[in-house]
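Engineer: The structure's right below; bear with me while I get my questions together.
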Amino acid sequence: MTLKIYTKTGDTGDTGLFGGGRVRKDHPRVEAYGDVDELNAALGLARSIEMMPRIDEVLVPIQRDLFAIGALLATPDTGKMREQLAKARIDDARIGELERAIDEGERELEPLKAFILPGGTPKSAALHVARTVCRRAERRVVHLAGDIDVPQTAVVYLNRLSDLLFVLARVANRRAGAGEVTW
């Protein structure tokens, strides 16, 4: 049996949640996991531009993490949500890996002395766009956490990820020999 991409079940403006239940498509839960999905797509775009092995190697597991975070945000059952989080390894150790990647990237860079304008190479610009999408996703998850129980680790992960994406954007420019334009 082949599954069709269209189900027609959302034609009235609601959508099914992972593990059961339906909500409006503009529900804060859908907004949150939708922004995480958009972030994942933005990272896929960044990976497709000017392949840079070390940067792209960091991004692939992050994309997997984001699938897991999206799944936990789409899960109304708290027990299943915790299962998704554990399965994905979104924990303090994983956040530590993001921090180490930030530190490693910063070792390649001159210390920041002014704000920089997003841009430079296409790779860097795409990473800056992903960073801003990440910040929006973080805001949506924080908003959702005001209404339902969302593991704090998801918020911390997204916060750290946006910092990492900023550093990776700067590293991409540096490796390509592009300068930074300050504000």
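Identifiers in the structure tokens: chain A, B, ... in order shown; residue index from 1 per chain; ligand index from 1 in order shown.
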Which residues come within 8 Å of Arg131 in chain A, counting only C-alpha atoms, excluding same-chain residues fewer than 5 positions away, as a tab-separated table (two decimals) with N, CA, C and O atoms, in the first residue's frame?
Structural biologist:
chain	number	residue	atom	x	y	z
A	161	LEU	N	21.99	26.42	20.42
A	161	LEU	CA	22.11	26.21	18.98
A	161	LEU	C	22.20	27.54	18.24
A	161	LEU	O	23.00	27.68	17.31
A	162	SER	N	21.44	28.53	18.65
A	162	SER	CA	21.52	29.82	17.95
A	162	SER	C	22.90	30.44	18.13
A	162	SER	O	23.44	31.04	17.19
A	163	ASP	N	23.50	30.26	19.30
A	163	ASP	CA	24.88	30.74	19.50
A	163	ASP	C	25.84	30.00	18.58
A	163	ASP	O	26.73	30.61	17.98
A	165	LEU	N	25.18	28.57	15.71
A	165	LEU	CA	24.97	28.97	14.32
A	165	LEU	C	25.62	30.32	14.03
A	165	LEU	O	26.16	30.53	12.94
A	166	PHE	N	25.62	31.22	14.99
A	166	PHE	CA	26.31	32.50	14.83
A	166	PHE	C	27.80	32.26	14.64
A	166	PHE	O	28.43	32.80	13.73
Engineer: Residues of range 73-180 of chain A classed as alpha helix (DSSP H) by DSSP on the backbone are to be reported as a ChimeraX atom specification.
Structural biologist: /A:73,78-88,92-107,122-145,152-176
Engineer: May I have all residues of range 4-176 of chain A that DSSP, computed from the backbone, assigns to strand (DSSP E), given as number ranges by chain?
Structural biologist: A: 14-16, 22-24
Engineer: Those residues with C-alpha atoms, as a PDB file, in the first residue's frame please?
Structural biologist:
ATOM      1  CA  ASP A  14      -6.882  21.552  12.188  1.00  0.00           C
ATOM      2  CA  THR A  15      -4.103  18.982  12.351  1.00  0.00           C
ATOM      3  CA  GLY A  16      -3.392  15.708  14.099  1.00  0.00           C
ATOM      4  CA  ARG A  22      -6.226  17.357  17.013  1.00  0.00           C
ATOM      5  CA  VAL A  23      -5.650  21.106  17.349  1.00  0.00           C
ATOM      6  CA  ARG A  24      -6.033  24.166  15.141  1.00  0.00           C
TER       7      ARG A  24
END
Engineer: Find the residues near Val142 in chain A: any atom within 9 Å, counting only C-alpha atoms, skip ones fewer than 5 places away on the same chain, and give them as a list of chain:residue names.
Structural biologist: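 So the residues in contact are A:Ala32, A:Ala137, A:Val150, A:Gln152, A:Val155.
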Engineer: Give me the residues near Thr132 in chain A as a CSV table (one decimal) with N, CA and C atoms, in the first residue's frame, where near means some atom within 12 Å (using only C-alpha atoms) and where sequence neighbours in that chain fewer than 4 positions away do not count.
Structural biologist:
chain,number,residue,atom,x,y,z
A,35,ASP,N,8.1,25.9,13.6
A,35,ASP,CA,9.3,26.7,13.5
A,35,ASP,C,10.6,25.9,13.6
A,36,VAL,N,10.5,24.8,14.4
A,36,VAL,CA,11.6,23.9,14.5
A,36,VAL,C,11.8,23.2,13.2
A,38,GLU,N,11.0,24.4,10.2
A,38,GLU,CA,11.6,25.4,9.3
A,38,GLU,C,13.1,25.6,9.6
A,39,LEU,N,13.5,25.6,10.9
A,39,LEU,CA,14.9,25.6,11.2
A,39,LEU,C,15.6,24.5,10.6
A,42,ALA,N,16.1,25.1,7.0
A,42,ALA,CA,17.1,26.2,6.8
A,42,ALA,C,18.5,25.6,7.0
A,43,LEU,N,18.7,24.7,7.9
A,43,LEU,CA,20.0,24.0,8.1
A,43,LEU,C,20.3,23.1,6.9
A,118,PRO,N,24.8,40.4,9.2
A,118,PRO,CA,24.7,39.1,8.7
A,118,PRO,C,25.0,39.1,7.2
A,125,ALA,N,25.7,33.4,5.1
A,125,ALA,CA,24.4,34.1,5.0
A,125,ALA,C,23.3,33.1,5.4
A,126,ALA,N,23.4,31.9,4.8
A,126,ALA,CA,22.4,30.8,5.1
A,126,ALA,C,22.4,30.4,6.6
A,127,LEU,N,23.6,30.4,7.2
A,127,LEU,CA,23.7,30.1,8.6
A,127,LEU,C,23.1,31.2,9.5
A,128,HIS,N,23.3,32.4,9.0
A,128,HIS,CA,22.7,33.5,9.8
A,128,HIS,C,21.2,33.5,9.7
A,136,ARG,N,13.6,32.4,16.6
A,136,ARG,CA,12.1,32.5,16.6
A,136,ARG,C,11.5,31.2,17.1
A,137,ALA,N,12.1,30.0,16.7
A,137,ALA,CA,11.7,28.7,17.3
A,137,ALA,C,11.8,28.7,18.8
A,138,GLU,N,12.9,29.3,19.3
A,138,GLU,CA,13.1,29.3,20.7
A,138,GLU,C,12.0,30.2,21.4
A,139,ARG,N,11.7,31.3,20.8
A,139,ARG,CA,10.6,32.1,21.4
A,139,ARG,C,9.3,31.4,21.4
A,158,LEU,N,17.9,25.0,22.1
A,158,LEU,CA,17.7,26.0,21.0
A,158,LEU,C,18.5,27.3,21.3
A,159,ASN,N,18.5,27.7,22.5
A,159,ASN,CA,19.3,28.8,22.9
A,159,ASN,C,20.8,28.6,22.5
A,161,LEU,N,22.0,26.4,20.4
A,161,LEU,CA,22.1,26.2,19.0
A,161,LEU,C,22.2,27.5,18.2
A,162,SER,N,21.4,28.5,18.6
A,162,SER,CA,21.5,29.8,18.0
A,162,SER,C,22.9,30.4,18.1
A,163,ASP,N,23.5,30.3,19.3
A,163,ASP,CA,24.9,30.7,19.5
A,163,ASP,C,25.8,30.0,18.6
A,164,LEU,N,25.7,28.7,18.5
A,164,LEU,CA,26.5,27.9,17.6
A,164,LEU,C,26.4,28.3,16.2
A,165,LEU,N,25.2,28.6,15.7
A,165,LEU,CA,25.0,29.0,14.3
A,165,LEU,C,25.6,30.3,14.0
A,166,PHE,N,25.6,31.2,15.0
A,166,PHE,CA,26.3,32.5,14.8
A,166,PHE,C,27.8,32.3,14.6
A,169,ALA,N,28.5,30.7,11.3
A,169,ALA,CA,28.4,31.6,10.2
A,169,ALA,C,29.7,32.4,10.1
